[in-house]
Amino acid sequence: MSALRQIAFTLNGRAVTADVAPHHTLVEVLQEQFALYGARESCAQGLCGCCTAIVDGRAVSGCLYLAAFADGADVVTIEGLADRNHLDPVQEAFISCNAFQCGFCTSGFILMTRQLLEQNPDPTDDEIRHYLSGNLCRCGTYPDIINAVHAAAATLHKE
Amino acid sequence: MTPFELQEPDTLAEAITLLDPDDPAVRPLAGATALMLMMKAGLFQPTRLVSLRRLDDGLRHIFIDERGELHLGALATLSDIERSALVAEHAPAVTQACHTLSNVRVRNVATLGGHLAHGDPHMDLPPLLLALGARARAVGPHGERWIDAADLFVGYYQTSLERDELLSEIVIPSPEPDTHATYVKFTALSADDWPAVGVAAAARHRDGVIVDAKLAVSAATERPTRLPAVEAALRGATVCADTIESAAEAAARSVEPLADLRGSSAYKREMIRVHVRRALVTVTRS
Ligand SMILES: Cc1cc2nc3c(=O)[nH]c(=O)nc-3n(C[C@H](O)[C@H](O)[C@H](O)COP(=O)(O)OP(=O)(O)OC[C@H]3O[C@@H](n4cnc5c(N)ncnc54)[C@H](O)[C@@H]3O)c2cc1C
Ligand code: FES
Ligand code: FES
């Protein structure tokens with residue numbers, strides 16, 4: 001009844017296939033079949049953003065997203081941001097602003113920040129808080145995260 | 001989650017034949033956000049889900065027809081709706097409500113059809129669609145029918161859709177000139193929580209007199225509910241603090257709020273009074 005089916009998609013720029021059951025979530029498949037642990041399940045109900053992945057250019061909660069829906073899609077995870085020698089400017093900004101403590105939430109915040117800055121290159125504090133309201137940091141590094149978003153915005157302006 | 005079979009038909013007609021009018025374990029699936037929450041909590045264990053995401057008719061349209069009515073496809077995502085310039089122009093209260101509905105990632109995936117068909121009284125858009133006089137197009141094995149938004153929500157997680165009927169679009173009629181509409185979301189646990197009380201109002205006034213008013217409450221009630229008696233009392237009344245205060249009082253008395261982790265029944269009744277007042281102040285400002 002829940003036979004495995006093969007899905008084909010682009011993962012961080014590479015064409016891949018995976019065998020998934022209908023009830024598998026995207027975050028399960030990323031971890032179990034591709035050993036990508038940057039997207040991870042914490043709340044498991046769409047609230048915290050730790051499981052964020054970008055599917056066809058839009059951020060989704062991997063914990064609420066059926067893996068079967070990724071068939072034919074372009075999927076980007078935190079592991080796909082840096083090239084061999086350079087981190088993404090948003091990653092750099094999070095490091096330089098110390099915008100994490102344990103780091104469990106960080107991949108989600110970084111991916112969401114990239115989405116925000118694509119849509120709104122120079123957000124205000126309120127716009128940042130609003131956009132990132134679906135991401136939770138249990139270490140409470142929110143003030144540093146807001147600084148990091150501004151810092152990343154400034155770097156991206158210069159580029 | 002327990003295993004299930006997933007079908008991904010190409011046409012609406014095929015999707016309908018895959019549904020089962022008698023089996024509650026077979027359901028359509030759109031963005032899956034609401035169903036995933038239920039399945040993960042073990043509240044729903046489907047045998048078959050019929051995904052609508054590959055439908056060739058798309059059903060993601062957003063357009064205004066020649067009569068000035070706004071059509072929103074059932075598979076339009078809440079982000080599509082939030083970012084649509086047409087929606088912002090024609091129904092700005094809908095745009096406003098989308099901004100505080102859940103979070104970006106959920107809105108990117110959740111569809112309007114799933115938002116309405118779930119019948120969850122805590123959803124933000126249903127009361128607003130009631131106040132805006134919207135209607136839904138439903139397609140089933142015997143053709144299609146129109147359902148007034150007010151007749152769509154019949155009980156707690158219950159709609160008037162048959163199990164083998166699908167929503168294909170929502171239509172918001174062209175508002176009478178000078179109509180103002182708003183949605184007020186009151187959250188009790190955190191700023192961006194689900195609503196503890198939702199209030200939607202639409203009204204038009206001329207020379208200090210209310211010509212027309214529509215009012216709906218949700219979240220605290222077992223289903224989004226229009227308040228026709230309060231609306232009738234508002235029609236013809238002068239725009240003043242007394243009018244609004246007594247309408248708010250009447251609204252609070254006319255519903256039976258359900259107690260839950262977001263508050264007792266008495267607390268929610270008081271919050272309904274406060275937020276109906278705020279909504280009416282907003283829509284009667286010149
Ligand atoms: C973390 C989180 C926070 C949230 N916060 C809020 C909030 O603050 N305010 C709010 O309003 N909502 C909130 N929601 C709920 C969200 O709005 C709904 O989950 C979403 O709108 C459902 O849409 P969907 O396409 O994902 O539906 P699905 O899960 O795919 O389906 C929902 C239901 O509708 C049926 N269905 C789907 N499409 C159709 C169709 N075209 N015709 C007939 N039946 C159909 C399905 O069978 C199912 O019963 C939240 C959700 C999450 C996960
Ligand atoms: S684990 Fe997916 S949003 Fe929290
Ligand atoms: S850094 Fe620990 S949860 Fe955010």
# chains A, B, ... in the order shown; residues from 1 in each chain; ligands from 1
$ residues_near_ligand --ligand "ligand 3" --cutoff "8 Å" --atoms "only C-alpha atoms and all ligand atoms" --output "list in words"
Ala99, Phe100, Gln101, Cys102, Gly103, Phe104, Cys105, Thr106, Leu136, Cys137, Arg138, Cys139, Gly140 and Thr141 of chain A
$ write_last_selection --atoms "N, CA, C and O atoms" --output "JSON list (two decimals), in the first residue's frame"
[["chain", "number", "residue", "atom", "x", "y", "z"],
["A", 99, "ALA", "N", 25.73, 35.37, 15.85],
["A", 99, "ALA", "CA", 24.27, 35.28, 15.89],
["A", 99, "ALA", "C", 23.77, 33.88, 16.18],
["A", 99, "ALA", "O", 22.76, 33.43, 15.63],
["A", 100, "PHE", "N", 24.50, 33.16, 17.00],
["A", 100, "PHE", "CA", 24.03, 31.84, 17.45],
["A", 100, "PHE", "C", 24.81, 31.44, 18.68],
["A", 100, "PHE", "O", 25.89, 31.98, 18.95],
["A", 101, "GLN", "N", 24.25, 30.50, 19.44],
["A", 101, "GLN", "CA", 25.01, 29.91, 20.53],
["A", 101, "GLN", "C", 25.19, 28.43, 20.23],
["A", 101, "GLN", "O", 26.23, 28.00, 19.77],
["A", 102, "CYS", "N", 24.12, 27.63, 20.37],
["A", 102, "CYS", "CA", 24.27, 26.20, 20.07],
["A", 102, "CYS", "C", 24.24, 25.93, 18.57],
["A", 102, "CYS", "O", 24.76, 24.93, 18.11],
["A", 103, "GLY", "N", 23.57, 26.80, 17.81],
["A", 103, "GLY", "CA", 23.55, 26.66, 16.37],
["A", 103, "GLY", "C", 22.45, 25.80, 15.80],
["A", 103, "GLY", "O", 22.34, 25.62, 14.59],
["A", 104, "PHE", "N", 21.59, 25.26, 16.67],
["A", 104, "PHE", "CA", 20.57, 24.34, 16.17],
["A", 104, "PHE", "C", 19.59, 25.05, 15.22],
["A", 104, "PHE", "O", 19.12, 24.47, 14.25],
["A", 105, "CYS", "N", 19.31, 26.30, 15.50],
["A", 105, "CYS", "CA", 18.32, 27.05, 14.71],
["A", 105, "CYS", "C", 18.94, 27.73, 13.50],
["A", 105, "CYS", "O", 18.24, 28.29, 12.66],
["A", 106, "THR", "N", 20.28, 27.75, 13.44],
["A", 106, "THR", "CA", 20.99, 28.69, 12.56],
["A", 106, "THR", "C", 20.74, 28.43, 11.07],
["A", 106, "THR", "O", 20.56, 29.37, 10.30],
["A", 136, "LEU", "N", 12.39, 30.04, 15.58],
["A", 136, "LEU", "CA", 12.61, 30.17, 17.02],
["A", 136, "LEU", "C", 14.05, 29.82, 17.37],
["A", 136, "LEU", "O", 14.62, 28.86, 16.83],
["A", 137, "CYS", "N", 14.64, 30.61, 18.26],
["A", 137, "CYS", "CA", 15.99, 30.34, 18.76],
["A", 137, "CYS", "C", 15.88, 30.16, 20.26],
["A", 137, "CYS", "O", 15.63, 31.12, 21.00],
["A", 138, "ARG", "N", 16.10, 28.93, 20.69],
["A", 138, "ARG", "CA", 15.94, 28.66, 22.12],
["A", 138, "ARG", "C", 17.07, 29.27, 22.93],
["A", 138, "ARG", "O", 16.95, 29.46, 24.13],
["A", 139, "CYS", "N", 18.22, 29.56, 22.30],
["A", 139, "CYS", "CA", 19.31, 30.23, 23.01],
["A", 139, "CYS", "C", 19.06, 31.73, 23.11],
["A", 139, "CYS", "O", 19.83, 32.44, 23.74],
["A", 140, "GLY", "N", 18.05, 32.21, 22.44],
["A", 140, "GLY", "CA", 17.69, 33.62, 22.57],
["A", 140, "GLY", "C", 18.67, 34.59, 21.95],
["A", 140, "GLY", "O", 18.94, 35.65, 22.49],
["A", 141, "THR", "N", 19.21, 34.24, 20.80],
["A", 141, "THR", "CA", 20.19, 35.14, 20.18],
["A", 141, "THR", "C", 19.53, 36.16, 19.25],
["A", 141, "THR", "O", 20.19, 36.71, 18.37]]
$ interface_residues --of "chain B" --to "chain A" --cutoff "6 Å" --atoms "only C-alpha atoms" --output "count of residues only"
8
$ atom_distance --atom1 "atom CA of Val106 of chain B" --atom2 "atom 3 (C, counted along the ligand's line) of ligand 1"
6.8 Å
$ residues_around --residues "Thr2 of chain B" --least-positions-apart "5" --cutoff "8 Å" --atoms "only C-alpha atoms" --output "MDAnalysis selection string"
(chainID A and resid 23) or (chainID B and resid 39 45:46)
$ select_by_dssp --residues "segment 125-155 of chain A" --states "alpha helix (DSSP H)" --output "number ranges by chain"
A: 125-131, 142-155
$ residues_around --residues "Ala88 of chain B" --least-positions-apart "5" --cutoff "12 Å" --atoms "only C-alpha atoms" --output "list in words"
Ile62, Phe63, Leu70, Asp80, Ile81, Glu82, Arg83, Ala93, Val94, Thr95, Gln96, Ala97, Cys98 and His99 of chain B
$ residues_near_ligand --ligand "ligand 1" --cutoff "8 Å" --atoms "only C-alpha atoms and all ligand atoms" --output "MDAnalysis selection string"
(chainID A and resid 45:47 64 134) or (chainID B and resid 27:37 49 51:52 74:75 77:78 100:103 106:107 109:119 122:125 138 161 165:169 192:195)
$ write_last_selection --atoms "C-alpha atoms" --output "mmCIF file, in the first residue's frame"
data_model
loop_
_atom_site.group_PDB
_atom_site.id
_atom_site.type_symbol
_atom_site.label_atom_id
_atom_site.label_comp_id
_atom_site.auth_asym_id
_atom_site.auth_seq_id
_atom_site.Cartn_x
_atom_site.Cartn_y
_atom_site.Cartn_z
ATOM 1 C CA GLN A 45 4.828 21.274 13.442
ATOM 2 C CA GLY A 46 5.866 24.178 11.262
ATOM 3 C CA LEU A 47 6.600 26.637 14.053
ATOM 4 C CA LEU A 64 5.460 19.392 7.031
ATOM 5 C CA GLY A 134 8.263 31.598 12.266
ATOM 6 C CA ARG B 27 -9.162 12.797 1.444
ATOM 7 C CA PRO B 28 -7.894 15.385 -0.987
ATOM 8 C CA LEU B 29 -4.510 16.941 -0.231
ATOM 9 C CA ALA B 30 -3.373 20.402 -1.296
ATOM 10 C CA GLY B 31 -0.506 22.089 0.601
ATOM 11 C CA ALA B 32 -0.726 19.308 3.223
ATOM 12 C CA THR B 33 0.117 21.661 6.105
ATOM 13 C CA ALA B 34 -3.118 21.089 8.019
ATOM 14 C CA LEU B 35 -3.327 17.380 7.258
ATOM 15 C CA MET B 36 0.322 16.813 8.205
ATOM 16 C CA LEU B 37 -0.352 18.317 11.630
ATOM 17 C CA LEU B 49 -4.660 10.897 -0.161
ATOM 18 C CA SER B 51 -2.949 15.256 -4.171
ATOM 19 C CA LEU B 52 -4.197 18.209 -6.201
ATOM 20 C CA ALA B 74 -8.436 27.024 -4.671
ATOM 21 C CA LEU B 75 -4.793 26.055 -5.191
ATOM 22 C CA THR B 77 -1.109 29.641 -2.004
ATOM 23 C CA LEU B 78 -1.625 32.081 0.833
ATOM 24 C CA THR B 100 -0.256 37.726 10.190
ATOM 25 C CA LEU B 101 -1.543 34.317 9.176
ATOM 26 C CA SER B 102 0.888 31.689 10.417
ATOM 27 C CA ASN B 103 4.433 32.158 9.053
ATOM 28 C CA VAL B 106 3.380 27.813 5.872
ATOM 29 C CA ARG B 107 1.930 30.544 3.633
ATOM 30 C CA VAL B 109 2.744 26.035 0.784
ATOM 31 C CA ALA B 110 -0.780 26.313 2.243
ATOM 32 C CA THR B 111 -3.572 26.814 -0.271
ATOM 33 C CA LEU B 112 -6.782 28.808 -0.024
ATOM 34 C CA GLY B 113 -8.831 25.670 -0.740
ATOM 35 C CA GLY B 114 -7.187 23.727 2.087
ATOM 36 C CA HIS B 115 -7.532 26.709 4.398
ATOM 37 C CA LEU B 116 -11.311 26.711 3.894
ATOM 38 C CA ALA B 117 -12.089 23.023 3.378
ATOM 39 C CA HIS B 118 -10.479 22.032 6.652
ATOM 40 C CA GLY B 119 -13.391 23.597 8.514
ATOM 41 C CA HIS B 122 -9.263 28.933 14.072
ATOM 42 C CA MET B 123 -8.424 29.871 10.487
ATOM 43 C CA ASP B 124 -8.073 33.597 9.810
ATOM 44 C CA LEU B 125 -9.648 34.047 6.378
ATOM 45 C CA ALA B 138 -17.425 23.273 -5.579
ATOM 46 C CA LEU B 161 -18.689 19.876 1.102
ATOM 47 C CA GLU B 165 -16.424 17.408 -3.805
ATOM 48 C CA LEU B 166 -13.516 19.772 -4.360
ATOM 49 C CA LEU B 167 -13.324 23.514 -4.022
ATOM 50 C CA SER B 168 -12.121 24.998 -7.291
ATOM 51 C CA GLU B 169 -12.282 28.714 -6.549
ATOM 52 C CA ASP B 192 2.059 35.307 16.009
ATOM 53 C CA ASP B 193 -0.081 32.511 17.433
ATOM 54 C CA TRP B 194 -3.289 31.208 15.891
ATOM 55 C CA PRO B 195 -6.151 33.547 16.753
#
$ residues_around --residues "segment 240-257 of chain B" --least-positions-apart "3" --cutoff "6 Å" --atoms "only C-alpha atoms" --output "PDB file with C-alpha atoms, in the first residue's frame"
ATOM      1  CA  ALA B 220     -13.602  31.428  19.845  1.00  0.00           C
ATOM      2  CA  THR B 221     -16.691  29.883  18.290  1.00  0.00           C
ATOM      3  CA  VAL B 230     -26.167  42.668  15.241  1.00  0.00           C
ATOM      4  CA  SER B 265     -15.339  31.127  27.711  1.00  0.00           C
ATOM      5  CA  ARG B 269     -16.549  36.677  25.381  1.00  0.00           C
ATOM      6  CA  ILE B 272     -15.030  39.402  21.405  1.00  0.00           C
ATOM      7  CA  ARG B 273     -16.641  42.550  22.829  1.00  0.00           C
ATOM      8  CA  VAL B 276     -15.799  43.798  17.672  1.00  0.00           C
ATOM      9  CA  ARG B 277     -15.656  47.348  18.993  1.00  0.00           C
TER      10      ARG B 277
END
$ residues_around --residues "Ala203 of chain B" --least-positions-apart "5" --cutoff "7 Å" --atoms "only C-alpha atoms" --output "PyMOL selection string"
chain B and resi 179-181+212-214+283-284
$ write_last_selection --atoms "N, CA, C and O atoms" --output "tab-separated table (two decimals), in the first residue's frame"
chain	number	residue	atom	x	y	z
B	179	THR	N	-17.16	50.97	0.80
B	179	THR	CA	-17.18	49.93	1.83
B	179	THR	C	-15.78	49.80	2.43
B	179	THR	O	-14.78	49.78	1.70
B	180	HIS	N	-15.72	49.73	3.75
B	180	HIS	CA	-14.45	49.48	4.43
B	180	HIS	C	-14.55	48.14	5.13
B	180	HIS	O	-15.57	47.85	5.75
B	181	ALA	N	-13.48	47.36	5.00
B	181	ALA	CA	-13.49	46.05	5.65
B	181	ALA	C	-12.21	45.87	6.44
B	181	ALA	O	-11.17	46.45	6.10
B	212	ASP	N	-24.84	49.91	5.60
B	212	ASP	CA	-24.77	48.44	5.55
B	212	ASP	C	-23.63	47.98	6.45
B	212	ASP	O	-22.59	48.65	6.54
B	213	ALA	N	-23.82	46.84	7.11
B	213	ALA	CA	-22.74	46.31	7.95
B	213	ALA	C	-22.79	44.79	7.93
B	213	ALA	O	-23.87	44.19	7.94
B	214	LYS	N	-21.61	44.19	7.84
B	214	LYS	CA	-21.51	42.74	7.94
B	214	LYS	C	-20.46	42.44	9.00
B	214	LYS	O	-19.40	43.07	9.04
B	283	VAL	N	-13.87	50.30	10.65
B	283	VAL	CA	-14.62	50.33	9.38
B	283	VAL	C	-15.60	51.50	9.29
B	283	VAL	O	-16.17	51.73	8.23
B	284	THR	N	-15.83	52.24	10.40
B	284	THR	CA	-16.74	53.38	10.31
B	284	THR	C	-15.99	54.72	10.36
B	284	THR	O	-16.61	55.77	10.34
$ atom_distance --atom1 "atom CA of Leu258 of chain B" --atom2 "atom CA of Val281 of chain B"
25.6 Å
$ residues_around --residues "Ala18 of chain A" --least-positions-apart "4" --cutoff "7 Å" --atoms "only C-alpha atoms" --output "PyMOL selection string"
chain A and resi 6-8
$ select_by_dssp --residues "chain A" --states "strand (DSSP E)" --output "list in words"
Arg5, Gln6, Ile7, Ala8, Phe9, Thr10, Leu11, Arg14, Ala15, Val16, Thr17, Ala18, Asp19, Val20, Thr52, Ala53, Ile54, Val55, Arg58, Ala59, Val60, Ser61, Asp74, Val75 and Val76 of chain A
$ closest_residue --among "A:Cys97, A:Leu26, A:Leu117, A:Leu156" --to "ligand 2" --atoms "only C-alpha atoms and all ligand atoms"
A:Leu26
$ atom_distance --atom1 "atom CA of Arg278 of chain B" --atom2 "atom CA of Pro126 of chain B"
18.8 Å
$ closest_residue --among "A:Ile146, A:Ala39, A:Leu4, A:Val90" --to "ligand 2" --atoms "only C-alpha atoms and all ligand atoms"
A:Ala39
